[in-house]
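Asks: File name upload-v6.pdb; file contents PDB, C-alpha atoms; full text below.
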ATOM      1  CA  MET A   7      47.976 245.766 190.772
ATOM      2  CA  LYS A   8      49.086 246.568 194.330
ATOM      3  CA  ILE A   9      46.585 248.274 196.631
ATOM      4  CA  LEU A  10      47.076 249.668 200.132
ATOM      5  CA  VAL A  11      43.985 249.650 202.348
ATOM      6  CA  VAL A  12      44.214 252.106 205.256
ATOM      7  CA  GLU A  13      41.342 251.260 207.602
ATOM      8  CA  ASP A  14      41.121 250.739 211.388
ATOM      9  CA  GLU A  15      37.798 248.846 211.504
ATOM     10  CA  LYS A  16      38.988 245.237 211.530
ATOM     11  CA  GLU A  17      35.816 243.648 210.141
ATOM     12  CA  LEU A  18      35.566 246.153 207.316
ATOM     13  CA  LEU A  19      39.269 245.813 206.590
ATOM     14  CA  LYS A  20      38.932 242.028 206.330
ATOM     15  CA  SER A  21      35.856 242.361 204.105
ATOM     16  CA  ILE A  22      37.634 244.749 201.740
ATOM     17  CA  HIS A  23      40.793 242.630 201.777
ATOM     18  CA  ASP A  24      38.964 239.386 200.934
ATOM     19  CA  SER A  25      36.895 241.053 198.212
ATOM     20  CA  LEU A  26      39.914 242.576 196.475
ATOM     21  CA  ILE A  27      41.915 239.345 196.739
ATOM     22  CA  GLN A  28      39.131 237.667 194.750
ATOM     23  CA  GLU A  29      39.639 240.353 192.103
ATOM     24  CA  GLN A  30      43.300 239.212 191.973
ATOM     25  CA  PHE A  31      44.755 242.411 193.380
ATOM     26  CA  LEU A  32      47.800 242.318 195.637
ATOM     27  CA  ILE A  33      46.627 243.781 198.951
ATOM     28  CA  GLU A  34      48.519 245.354 201.839
ATOM     29  CA  THR A  35      46.945 246.946 204.885
ATOM     30  CA  ALA A  36      47.547 249.553 207.565
ATOM     31  CA  GLU A  37      45.330 249.967 210.627
ATOM     32  CA  ASN A  38      46.680 253.250 212.010
ATOM     33  CA  TYR A  39      48.230 256.537 210.962
ATOM     34  CA  HIS A  40      51.821 255.598 211.822
ATOM     35  CA  SER A  41      51.774 252.317 209.889
ATOM     36  CA  ALA A  42      50.163 253.960 206.865
ATOM     37  CA  SER A  43      52.618 256.863 206.897
ATOM     38  CA  GLU A  44      55.550 254.475 207.010
ATOM     39  CA  LYS A  45      54.267 252.375 204.108
ATOM     40  CA  ILE A  46      53.464 255.244 201.774
ATOM     41  CA  ALA A  47      56.913 256.699 202.438
ATOM     42  CA  LEU A  48      58.662 253.440 201.561
ATOM     43  CA  TYR A  49      56.532 251.936 198.815
ATOM     44  CA  THR A  50      54.529 252.836 195.734
ATOM     45  CA  TYR A  51      50.968 251.597 195.206
ATOM     46  CA  ASP A  52      48.661 251.506 192.202
ATOM     47  CA  CYS A  53      45.746 252.560 194.388
ATOM     48  CA  ILE A  54      45.279 253.595 198.028
ATOM     49  CA  LEU A  55      41.988 253.249 199.906
ATOM     50  CA  LEU A  56      42.218 255.825 202.664
ATOM     51  CA  ASP A  57      40.006 256.191 205.735
ATOM     52  CA  ILE A  58      39.907 259.694 207.219
ATOM     53  CA  MET A  59      39.488 258.885 210.929
ATOM     54  CA  LEU A  60      42.485 256.813 212.083
ATOM     55  CA  PRO A  61      44.168 256.012 215.401
ATOM     56  CA  GLY A  62      47.101 258.384 215.782
ATOM     57  CA  GLY A  63      46.211 260.826 213.059
ATOM     58  CA  ASN A  64      43.996 261.913 210.192
ATOM     59  CA  GLY A  65      43.736 260.447 206.720
ATOM     60  CA  LEU A  66      43.792 263.921 205.190
ATOM     61  CA  GLN A  67      47.235 264.399 206.738
ATOM     62  CA  LEU A  68      48.351 261.245 204.943
ATOM     63  CA  LEU A  69      46.906 262.618 201.727
ATOM     64  CA  GLN A  70      48.905 265.815 202.242
ATOM     65  CA  GLN A  71      52.004 263.678 202.758
ATOM     66  CA  LEU A  72      51.273 261.815 199.529
ATOM     67  CA  LYS A  73      50.811 265.085 197.668
ATOM     68  CA  GLU A  74      54.157 266.412 198.902
ATOM     69  CA  MET A  75      55.786 263.185 197.704
ATOM     70  CA  GLY A  76      54.067 263.346 194.320
ATOM     71  CA  LYS A  77      52.116 260.159 195.054
ATOM     72  CA  SER A  78      48.591 261.505 195.568
ATOM     73  CA  GLU A  79      47.193 259.949 192.392
ATOM     74  CA  ASN A  80      44.896 256.916 192.587
ATOM     75  CA  VAL A  81      43.630 257.616 196.115
ATOM     76  CA  ILE A  82      40.037 256.786 197.046
ATOM     77  CA  ILE A  83      38.861 258.198 200.380
ATOM     78  CA  ILE A  84      36.580 255.871 202.360
ATOM     79  CA  SER A  85      34.954 257.418 205.396
ATOM     80  CA  ALA A  86      31.866 257.279 207.585
ATOM     81  CA  LYS A  87      31.871 261.064 207.680
ATOM     82  CA  ASP A  88      29.565 262.306 204.956
ATOM     83  CA  SER A  89      31.169 265.720 205.187
ATOM     84  CA  LEU A  90      31.272 268.007 202.181
ATOM     85  CA  ASP A  91      34.270 269.832 203.651
ATOM     86  CA  ASP A  92      36.265 266.607 204.029
ATOM     87  CA  LYS A  93      35.323 265.545 200.513
ATOM     88  CA  LEU A  94      36.357 268.851 198.971
ATOM     89  CA  THR A  95      39.590 268.950 200.973
ATOM     90  CA  GLY A  96      40.442 265.423 199.905
ATOM     91  CA  LEU A  97      39.800 266.138 196.233
ATOM     92  CA  GLU A  98      41.832 269.352 196.438
ATOM     93  CA  LEU A  99      44.718 267.354 197.902
ATOM     94  CA  GLY A 100      44.651 265.014 194.906
ATOM     95  CA  ALA A 101      42.242 262.196 195.810
ATOM     96  CA  ASP A 102      40.480 260.698 192.800
ATOM     97  CA  ASP A 103      37.252 259.615 194.461
ATOM     98  CA  TYR A 104      35.300 259.624 197.718
ATOM     99  CA  LEU A 105      33.144 256.762 199.009
ATOM    100  CA  THR A 106      30.974 257.111 202.106
ATOM    101  CA  LYS A 107      30.447 254.158 204.467
ATOM    102  CA  PRO A 108      28.568 251.907 204.409
ATOM    103  CA  PHE A 109      29.141 250.744 200.851
ATOM    104  CA  HIS A 110      28.959 247.516 198.882
ATOM    105  CA  ASN A 111      32.272 245.897 197.973
ATOM    106  CA  ALA A 112      31.065 245.610 194.382
ATOM    107  CA  GLU A 113      30.798 249.389 194.218
ATOM    108  CA  LEU A 114      34.257 249.811 195.733
ATOM    109  CA  ASN A 115      35.709 247.341 193.215
ATOM    110  CA  ALA A 116      34.112 249.269 190.367
ATOM    111  CA  ARG A 117      35.487 252.582 191.675
ATOM    112  CA  ILE A 118      38.996 251.105 191.958
ATOM    113  CA  LYS A 119      38.934 249.716 188.438
ATOM    114  CA  ALA A 120      37.648 253.030 187.080
ATOM    115  CA  VAL A 121      40.492 254.918 188.767
ATOM    116  CA  LEU A 122      43.091 252.458 187.469
ATOM    117  CA  ARG A 123      41.714 252.660 183.935
ATOM    118  CA  ARG A 124      41.816 256.439 183.940
ATOM    119  CA  LYS A 125      45.351 256.614 185.244
ATOM    120  CA  ASN A 126      47.091 253.699 183.614
ATOM    121  CA  GLN A 127      45.390 253.035 180.299
ATOM    122  CA  ASP A 128      43.734 256.355 179.407
ATOM    123  CA  GLY A 129      40.315 254.825 180.095
ATOM    124  CA  LYS A 130      40.955 251.562 178.270
ATOM    125  CA  ASN A 131      40.779 248.192 179.961
ATOM    126  CA  SER A 132      43.488 246.639 177.855
ATOM    127  CA  ILE A 133      47.003 247.453 176.716
ATOM    128  CA  GLU A 134      47.895 247.059 173.044
ATOM    129  CA  ILE A 135      51.478 247.275 171.821
ATOM    130  CA  ALA A 136      52.826 245.999 168.503
ATOM    131  CA  ASN A 137      51.097 242.649 167.858
ATOM    132  CA  ILE A 138      50.096 241.942 171.460
ATOM    133  CA  GLU A 139      47.127 242.763 173.673
ATOM    134  CA  LEU A 140      46.864 242.371 177.436
ATOM    135  CA  ASP A 141      43.219 242.341 178.541
ATOM    136  CA  LEU A 142      43.023 243.417 182.191
ATOM    137  CA  THR A 143      39.400 242.391 182.681
ATOM    138  CA  GLU A 144      39.653 238.865 181.307
ATOM    139  CA  ARG A 145      43.331 238.575 182.305
ATOM    140  CA  THR A 146      44.244 237.236 178.896
ATOM    141  CA  PHE A 147      47.359 237.717 176.797
ATOM    142  CA  ILE A 148      46.830 237.694 173.039
ATOM    143  CA  VAL A 149      49.470 237.624 170.301
ATOM    144  CA  ASP A 150      48.315 237.999 166.691
ATOM    145  CA  GLY A 151      44.799 237.024 167.778
ATOM    146  CA  GLU A 152      45.914 233.875 169.602
ATOM    147  CA  ASN A 153      45.482 233.461 173.360
ATOM    148  CA  ILE A 154      48.778 232.683 175.127
ATOM    149  CA  THR A 155      48.471 231.099 178.577
ATOM    150  CA  LEU A 156      50.233 232.946 181.391
ATOM    151  CA  ASN A 157      50.179 232.089 185.061
ATOM    152  CA  ARG A 158      49.113 234.789 187.519
ATOM    153  CA  LYS A 159      52.620 236.041 188.281
ATOM    154  CA  GLU A 160      53.658 236.052 184.623
ATOM    155  CA  PHE A 161      50.589 238.145 183.805
ATOM    156  CA  ASP A 162      51.321 240.610 186.627
ATOM    157  CA  ILE A 163      54.979 240.873 185.625
ATOM    158  CA  LEU A 164      54.101 241.531 181.980
ATOM    159  CA  HIS A 165      51.507 244.124 183.000
ATOM    160  CA  PHE A 166      54.087 245.956 185.115
ATOM    161  CA  PHE A 167      56.599 245.929 182.261
ATOM    162  CA  LEU A 168      54.009 247.219 179.773
ATOM    163  CA  LEU A 169      53.152 250.102 182.090
ATOM    164  CA  ASN A 170      56.869 250.880 182.241
ATOM    165  CA  LYS A 171      57.736 250.246 178.596
ATOM    166  CA  LYS A 172      61.321 251.231 177.706
ATOM    167  CA  ARG A 173      62.053 252.097 181.332
ATOM    168  CA  LEU A 174      64.604 250.295 183.454
ATOM    169  CA  VAL A 175      62.778 248.148 186.020
ATOM    170  CA  THR A 176      64.950 247.062 188.917
ATOM    171  CA  LYS A 177      64.573 243.606 190.416
ATOM    172  CA  THR A 178      63.626 245.151 193.744
ATOM    173  CA  ALA A 179      60.891 247.349 192.241
ATOM    174  CA  LEU A 180      59.482 244.397 190.315
ATOM    175  CA  ALA A 181      59.540 242.151 193.370
ATOM    176  CA  GLU A 182      57.849 244.742 195.587
ATOM    177  CA  HIS A 183      55.157 245.444 192.998
ATOM    178  CA  VAL A 184      54.273 241.843 192.168
ATOM    179  CA  TRP A 185      55.036 240.058 195.445
ATOM    180  CA  GLY A 186      54.517 242.766 198.063
ATOM    181  CA  ASP A 187      56.466 244.735 200.638
ATOM    182  CA  HIS A 188      57.615 241.682 202.601
ATOM    183  CA  ILE A 189      59.819 240.706 199.674
ATOM    184  CA  ASP A 190      62.706 242.534 201.345
ATOM    185  CA  GLN A 191      62.905 239.568 203.731
ATOM    186  CA  ALA A 192      63.796 237.196 200.885
ATOM    187  CA  ASP A 193      67.350 235.870 200.684
ATOM    188  CA  ASN A 194      67.571 236.381 196.927
ATOM    189  CA  PHE A 195      65.554 237.099 193.786
ATOM    190  CA  ASP A 196      65.953 233.699 192.107
ATOM    191  CA  PHE A 197      62.171 233.256 191.955
ATOM    192  CA  ILE A 198      61.935 236.431 189.827
ATOM    193  CA  TYR A 199      64.569 235.102 187.463
ATOM    194  CA  TYR A 200      62.623 231.880 186.878
ATOM    195  CA  GLN A 201      59.299 233.647 186.314
ATOM    196  CA  ILE A 202      60.868 236.072 183.826
ATOM    197  CA  LYS A 203      62.768 233.245 182.128
ATOM    198  CA  ASN A 204      59.464 231.437 181.482
ATOM    199  CA  LEU A 205      57.749 234.650 180.378
ATOM    200  CA  ARG A 206      60.535 235.505 177.924
ATOM    201  CA  LYS A 207      60.301 231.994 176.506
ATOM    202  CA  LYS A 208      56.555 232.377 175.914
ATOM    203  CA  LEU A 209      57.076 235.764 174.256
ATOM    204  CA  GLN A 210      59.647 234.257 171.922
ATOM    205  CA  GLN A 211      57.631 231.139 171.089
ATOM    206  CA  SER A 212      54.501 233.172 170.312
ATOM    207  CA  ASN A 213      56.450 235.586 168.055
ATOM    208  CA  ALA A 214      55.424 238.549 170.198
ATOM    209  CA  GLU A 215      56.962 241.754 168.877
ATOM    210  CA  ILE A 216      58.144 242.737 172.329
ATOM    211  CA  GLU A 217      60.968 241.396 174.430
ATOM    212  CA  ILE A 218      62.318 241.737 177.952
ATOM    213  CA  GLU A 219      65.983 242.681 177.969
ATOM    214  CA  ALA A 220      68.177 241.946 180.956
ATOM    215  CA  VAL A 221      70.251 244.851 182.253
ATOM    216  CA  TYR A 222      73.155 243.114 183.917
ATOM    217  CA  GLY A 223      73.224 243.440 187.686
ATOM    218  CA  ILE A 224      70.294 245.862 187.818
ATOM    219  CA  GLY A 225      67.051 244.583 186.325
ATOM    220  CA  TYR A 226      65.132 244.471 183.062
ATOM    221  CA  LYS A 227      63.622 246.602 180.315
ATOM    222  CA  LEU A 228      60.716 245.848 177.967
ATOM    223  CA  ILE A 229      61.195 247.020 174.385
ATOM    224  CA  GLU A 230      59.507 246.587 171.019
ATOM    225  CA  LYS A 231      61.417 244.583 168.439
TER     226      LYS A 231
END
How does this structure look as structure tokens?

Replies:
Amino acid sequence: MKILVVEDEKELLKSIHDSLIQEQFLIETAENYHSASEKIALYTYDCILLDIMLPGGNGLQLLQQLKEMGKSENVIIISAKDSLDDKLTGLELGADDYLTKPFHNAELNARIKAVLRRKNQDGKNSIEIANIELDLTERTFIVDGENITLNRKEFDILHFFLLNKKRLVTKTALAEHVWGDHIDQADNFDFIYYQIKNLRKKLQQSNAEIEIEAVYGIGYKLIEK
């Protein structure tokens, strides 16, 4: 899961970043309004942690921008301002939750996971298709009751495909989601090819009733057999 943290307090930003990295999220950050506005215009995130008071602008303006782009889902407002008006405005603009500083990182982690469950798995913490199950809490992949070992990137790739079942996933979209925004600096996508090659091999060897089809020159698509 890729999360954008929009926060100008450096110590808090580092604390949130380190905590979420331990939860195995892919984290990107923005410390001011301009940087955040640029990132949300260019990229898609599974969750955005959004401070209201920012250098150069207001977090609620960013939320309005997200709403206009149809991206306002999965936003958690984090702010020192315990203002009912700000909270109501944020929720009206599409934010999913509101957390007032100071807060414990454990609480923030729980709020993030709750939002992701509601949006991506209809409240469930696992994805079940055909004879496979992907457990997002334990980060396990099970086929016909047997645990199949995946490395971190293989797990993240499979999760992204399952969320986009039967949809065409471009190499660029996959790379940005699993490896981050700086992937556009890479010379090529060979590393994606090798990860998917290994994942497809494991799916085949475990007799999983799903497969990842290559769409020549564009990307991939996950389908049920």

Asks: Please provide as a VMD selection string all residues within 10 Å of A:Asn38, with the sequence filter that same-chain residues fewer than 3 positions apart are discarded (counting all atoms listed in the file).

Replies: chain A and resid 12 to 15 35 41 to 43 57 59 to 65

Asks: Hey, can I get the axis-aligned box for stretch 165-179 of chain A? All listed atoms, 3 Å padding on each side, centre and edge lengths in Å to one decimal, as lines of an AutoDock Vina configuration file.

Replies:
center_x = 58.2
center_y = 247.9
center_z = 185.7
size_x = 19.4
size_y = 14.5
size_z = 22.0

Asks: Using all atoms listed in the file, tabulate the residues of stretch 195-225 of chain A lying at most 9 Å from any atom of stretch 133-137 of chain A, each with its closest atom pair and that distance in Å to one decimal, by chain and increasing residue number, as JSON lines.

Replies:
{"residue": "A:Asn213", "atom": "CA", "partner": "A:Asn137", "partner_atom": "CA", "distance": 8.9}
{"residue": "A:Ala214", "atom": "CA", "partner": "A:Asn137", "partner_atom": "CA", "distance": 6.4}
{"residue": "A:Glu215", "atom": "CA", "partner": "A:Ala136", "partner_atom": "CA", "distance": 5.9}
{"residue": "A:Ile216", "atom": "CA", "partner": "A:Ala136", "partner_atom": "CA", "distance": 7.3}

Asks: Applying 10 Å and only C-alpha atoms, which residues near A:Arg158 remain after dropping the ones on its own chain fewer than 6 positions away? List them as JSON, numbers by chain.

Replies: {"A": [30, 145, 184]}

Asks: Write the residues you've just listed into a file as a PDB file, in the coordinates of the input, and include C-alpha atoms for each of them.

Replies:
ATOM      1  CA  GLN A  30      43.300 239.212 191.973  1.00  0.00           C
ATOM      2  CA  ARG A 145      43.331 238.575 182.305  1.00  0.00           C
ATOM      3  CA  VAL A 184      54.273 241.843 192.168  1.00  0.00           C
TER       4      VAL A 184
END

Asks: Quick one: pull the distance between atom CA of A:Ile9 and atom CA of A:Arg206, Å, one decimal.

Replies: 26.6 Å

Asks: Show which residues sit within 12 Å of A:Ile118, as a PyMOL selection string. Count all atoms listed in the file, and ignore same-chain residues fewer than 2 positions away.

Replies: chain A and resi 7-11+22+26+29+31+52-55+80-84+102-105+111-116+120-126

Asks: Now that the selection is made, can you save its residues with C-alpha atoms as a compact mmCIF listing (two decimals), in the frame of the given file?

Replies:
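Just written: again.txt:
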# COMPACT_ATOMS: atom_id res chain seq x y z
CA MET A 7 47.98 245.77 190.77
CA LYS A 8 49.09 246.57 194.33
CA ILE A 9 46.58 248.27 196.63
CA LEU A 10 47.08 249.67 200.13
CA VAL A 11 43.98 249.65 202.35
CA ILE A 22 37.63 244.75 201.74
CA LEU A 26 39.91 242.58 196.48
CA GLU A 29 39.64 240.35 192.10
CA PHE A 31 44.76 242.41 193.38
CA ASP A 52 48.66 251.51 192.20
CA CYS A 53 45.75 252.56 194.39
CA ILE A 54 45.28 253.60 198.03
CA LEU A 55 41.99 253.25 199.91
CA ASN A 80 44.90 256.92 192.59
CA VAL A 81 43.63 257.62 196.12
CA ILE A 82 40.04 256.79 197.05
CA ILE A 83 38.86 258.20 200.38
CA ILE A 84 36.58 255.87 202.36
CA ASP A 102 40.48 260.70 192.80
CA ASP A 103 37.25 259.62 194.46
CA TYR A 104 35.30 259.62 197.72
CA LEU A 105 33.14 256.76 199.01
CA ASN A 111 32.27 245.90 197.97
CA ALA A 112 31.06 245.61 194.38
CA GLU A 113 30.80 249.39 194.22
CA LEU A 114 34.26 249.81 195.73
CA ASN A 115 35.71 247.34 193.22
CA ALA A 116 34.11 249.27 190.37
CA ALA A 120 37.65 253.03 187.08
CA VAL A 121 40.49 254.92 188.77
CA LEU A 122 43.09 252.46 187.47
CA ARG A 123 41.71 252.66 183.94
CA ARG A 124 41.82 256.44 183.94
CA LYS A 125 45.35 256.61 185.24
CA ASN A 126 47.09 253.70 183.61

Asks: Residues near A:Asn157, anyone? I mean within 12 Å using all atoms listed in the file, not counting same-chain ones fewer than 2 positions away, as a list of chain:residue names.

Replies: A:Arg145, A:Thr146, A:Phe147, A:Ile154, A:Thr155, A:Lys159, A:Glu160, A:Phe161, A:Asp162, A:Ile163, A:Leu164, A:Gln201, A:Ile202, A:Asn204, A:Leu205, A:Lys208

Asks: Calculate how many Å separate atom CA of A:Lys73 from atom CA of A:Thr178, rounding to one decimal.

Replies: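 Taking atom CA of A:Lys73 and atom CA of A:Thr178, their separation equals 24.0 Å.
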
Asks: Might you pull out every residue within 12 Å of A:Val175, with all atoms listed in the file counted and same-chain residues fewer than 2 positions away left off, and present them as a list in words?

Replies: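 Once the nearby chain positions are removed, what remains is Ile163, Leu164, Phe166, Phe167, Leu168, Leu169, Asn170, Lys171, Lys172, Arg173, Lys177, Thr178, Ala179, Leu180, Ala181, Glu182, His183, Ile218, Glu219, Ala220, Val221, Tyr222, Gly223, Ile224, Gly225, Tyr226, Lys227, Leu228 and Ile229 of chain A.
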
Asks: Mind rebuilding stretch 192-217 of chain A with N, CA and C atoms and writing that out as a PDB file, keeping the file's coordinate frame?

Replies:
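What landed in out_5.pdb:
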ATOM      1  N   ALA A 192      63.324 238.340 201.673  1.00  0.00           N
ATOM      2  CA  ALA A 192      63.796 237.196 200.885  1.00  0.00           C
ATOM      3  C   ALA A 192      65.325 237.198 200.807  1.00  0.00           C
ATOM      4  N   ASP A 193      65.894 236.001 200.745  1.00  0.00           N
ATOM      5  CA  ASP A 193      67.350 235.870 200.684  1.00  0.00           C
ATOM      6  C   ASP A 193      67.895 236.288 199.329  1.00  0.00           C
ATOM      7  N   ASN A 194      67.122 236.018 198.259  1.00  0.00           N
ATOM      8  CA  ASN A 194      67.571 236.381 196.927  1.00  0.00           C
ATOM      9  C   ASN A 194      66.354 236.519 196.010  1.00  0.00           C
ATOM     10  N   PHE A 195      66.628 236.873 194.742  1.00  0.00           N
ATOM     11  CA  PHE A 195      65.554 237.099 193.786  1.00  0.00           C
ATOM     12  C   PHE A 195      65.511 235.998 192.725  1.00  0.00           C
ATOM     13  N   ASP A 196      65.935 234.791 193.091  1.00  0.00           N
ATOM     14  CA  ASP A 196      65.953 233.699 192.107  1.00  0.00           C
ATOM     15  C   ASP A 196      64.561 233.424 191.555  1.00  0.00           C
ATOM     16  N   PHE A 197      63.539 233.549 192.395  1.00  0.00           N
ATOM     17  CA  PHE A 197      62.171 233.256 191.955  1.00  0.00           C
ATOM     18  C   PHE A 197      61.739 234.238 190.855  1.00  0.00           C
ATOM     19  N   ILE A 198      62.236 235.471 190.901  1.00  0.00           N
ATOM     20  CA  ILE A 198      61.935 236.431 189.827  1.00  0.00           C
ATOM     21  C   ILE A 198      62.593 235.991 188.535  1.00  0.00           C
ATOM     22  N   TYR A 199      63.829 235.550 188.648  1.00  0.00           N
ATOM     23  CA  TYR A 199      64.569 235.102 187.463  1.00  0.00           C
ATOM     24  C   TYR A 199      63.818 233.983 186.755  1.00  0.00           C
ATOM     25  N   TYR A 200      63.302 233.018 187.500  1.00  0.00           N
ATOM     26  CA  TYR A 200      62.623 231.880 186.878  1.00  0.00           C
ATOM     27  C   TYR A 200      61.289 232.293 186.245  1.00  0.00           C
ATOM     28  N   GLN A 201      60.556 233.180 186.901  1.00  0.00           N
ATOM     29  CA  GLN A 201      59.299 233.647 186.314  1.00  0.00           C
ATOM     30  C   GLN A 201      59.562 234.414 185.014  1.00  0.00           C
ATOM     31  N   ILE A 202      60.557 235.283 185.024  1.00  0.00           N
ATOM     32  CA  ILE A 202      60.868 236.072 183.826  1.00  0.00           C
ATOM     33  C   ILE A 202      61.445 235.175 182.729  1.00  0.00           C
ATOM     34  N   LYS A 203      62.231 234.185 183.110  1.00  0.00           N
ATOM     35  CA  LYS A 203      62.768 233.245 182.128  1.00  0.00           C
ATOM     36  C   LYS A 203      61.633 232.557 181.388  1.00  0.00           C
ATOM     37  N   ASN A 204      60.609 232.100 182.114  1.00  0.00           N
ATOM     38  CA  ASN A 204      59.464 231.437 181.482  1.00  0.00           C
ATOM     39  C   ASN A 204      58.659 232.411 180.639  1.00  0.00           C
ATOM     40  N   LEU A 205      58.488 233.641 181.131  1.00  0.00           N
ATOM     41  CA  LEU A 205      57.749 234.650 180.378  1.00  0.00           C
ATOM     42  C   LEU A 205      58.468 235.000 179.081  1.00  0.00           C
ATOM     43  N   ARG A 206      59.764 235.172 179.134  1.00  0.00           N
ATOM     44  CA  ARG A 206      60.535 235.505 177.924  1.00  0.00           C
ATOM     45  C   ARG A 206      60.440 234.367 176.893  1.00  0.00           C
ATOM     46  N   LYS A 207      60.426 233.146 177.393  1.00  0.00           N
ATOM     47  CA  LYS A 207      60.301 231.994 176.506  1.00  0.00           C
ATOM     48  C   LYS A 207      58.962 232.007 175.796  1.00  0.00           C
ATOM     49  N   LYS A 208      57.889 232.328 176.514  1.00  0.00           N
ATOM     50  CA  LYS A 208      56.555 232.377 175.914  1.00  0.00           C
ATOM     51  C   LYS A 208      56.449 233.522 174.906  1.00  0.00           C
ATOM     52  N   LEU A 209      57.075 234.645 175.204  1.00  0.00           N
ATOM     53  CA  LEU A 209      57.076 235.764 174.256  1.00  0.00           C
ATOM     54  C   LEU A 209      57.779 235.360 172.961  1.00  0.00           C
ATOM     55  N   GLN A 210      58.881 234.678 173.103  1.00  0.00           N
ATOM     56  CA  GLN A 210      59.647 234.257 171.922  1.00  0.00           C
ATOM     57  C   GLN A 210      58.889 233.206 171.116  1.00  0.00           C
ATOM     58  N   GLN A 211      58.334 232.219 171.782  1.00  0.00           N
ATOM     59  CA  GLN A 211      57.631 231.139 171.089  1.00  0.00           C
ATOM     60  C   GLN A 211      56.368 231.625 170.382  1.00  0.00           C
ATOM     61  N   SER A 212      55.739 232.656 170.905  1.00  0.00           N
ATOM     62  CA  SER A 212      54.501 233.172 170.312  1.00  0.00           C
ATOM     63  C   SER A 212      54.765 234.252 169.264  1.00  0.00           C
ATOM     64  N   ASN A 213      56.055 234.545 169.022  1.00  0.00           N
ATOM     65  CA  ASN A 213      56.450 235.586 168.055  1.00  0.00           C
ATOM     66  C   ASN A 213      55.907 236.964 168.430  1.00  0.00           C
ATOM     67  N   ALA A 214      55.833 237.219 169.737  1.00  0.00           N
ATOM     68  CA  ALA A 214      55.424 238.549 170.198  1.00  0.00           C
ATOM     69  C   ALA A 214      56.487 239.562 169.786  1.00  0.00           C
ATOM     70  N   GLU A 215      56.034 240.722 169.351  1.00  0.00           N
ATOM     71  CA  GLU A 215      56.962 241.754 168.877  1.00  0.00           C
ATOM     72  C   GLU A 215      57.416 242.665 170.014  1.00  0.00           C
ATOM     73  N   ILE A 216      57.552 242.065 171.173  1.00  0.00           N
ATOM     74  CA  ILE A 216      58.144 242.737 172.329  1.00  0.00           C
ATOM     75  C   ILE A 216      59.107 241.753 172.970  1.00  0.00           C
ATOM     76  N   GLU A 217      60.069 242.271 173.696  1.00  0.00           N
ATOM     77  CA  GLU A 217      60.968 241.396 174.430  1.00  0.00           C
ATOM     78  C   GLU A 217      61.435 242.070 175.704  1.00  0.00           C
TER      79      GLU A 217
END
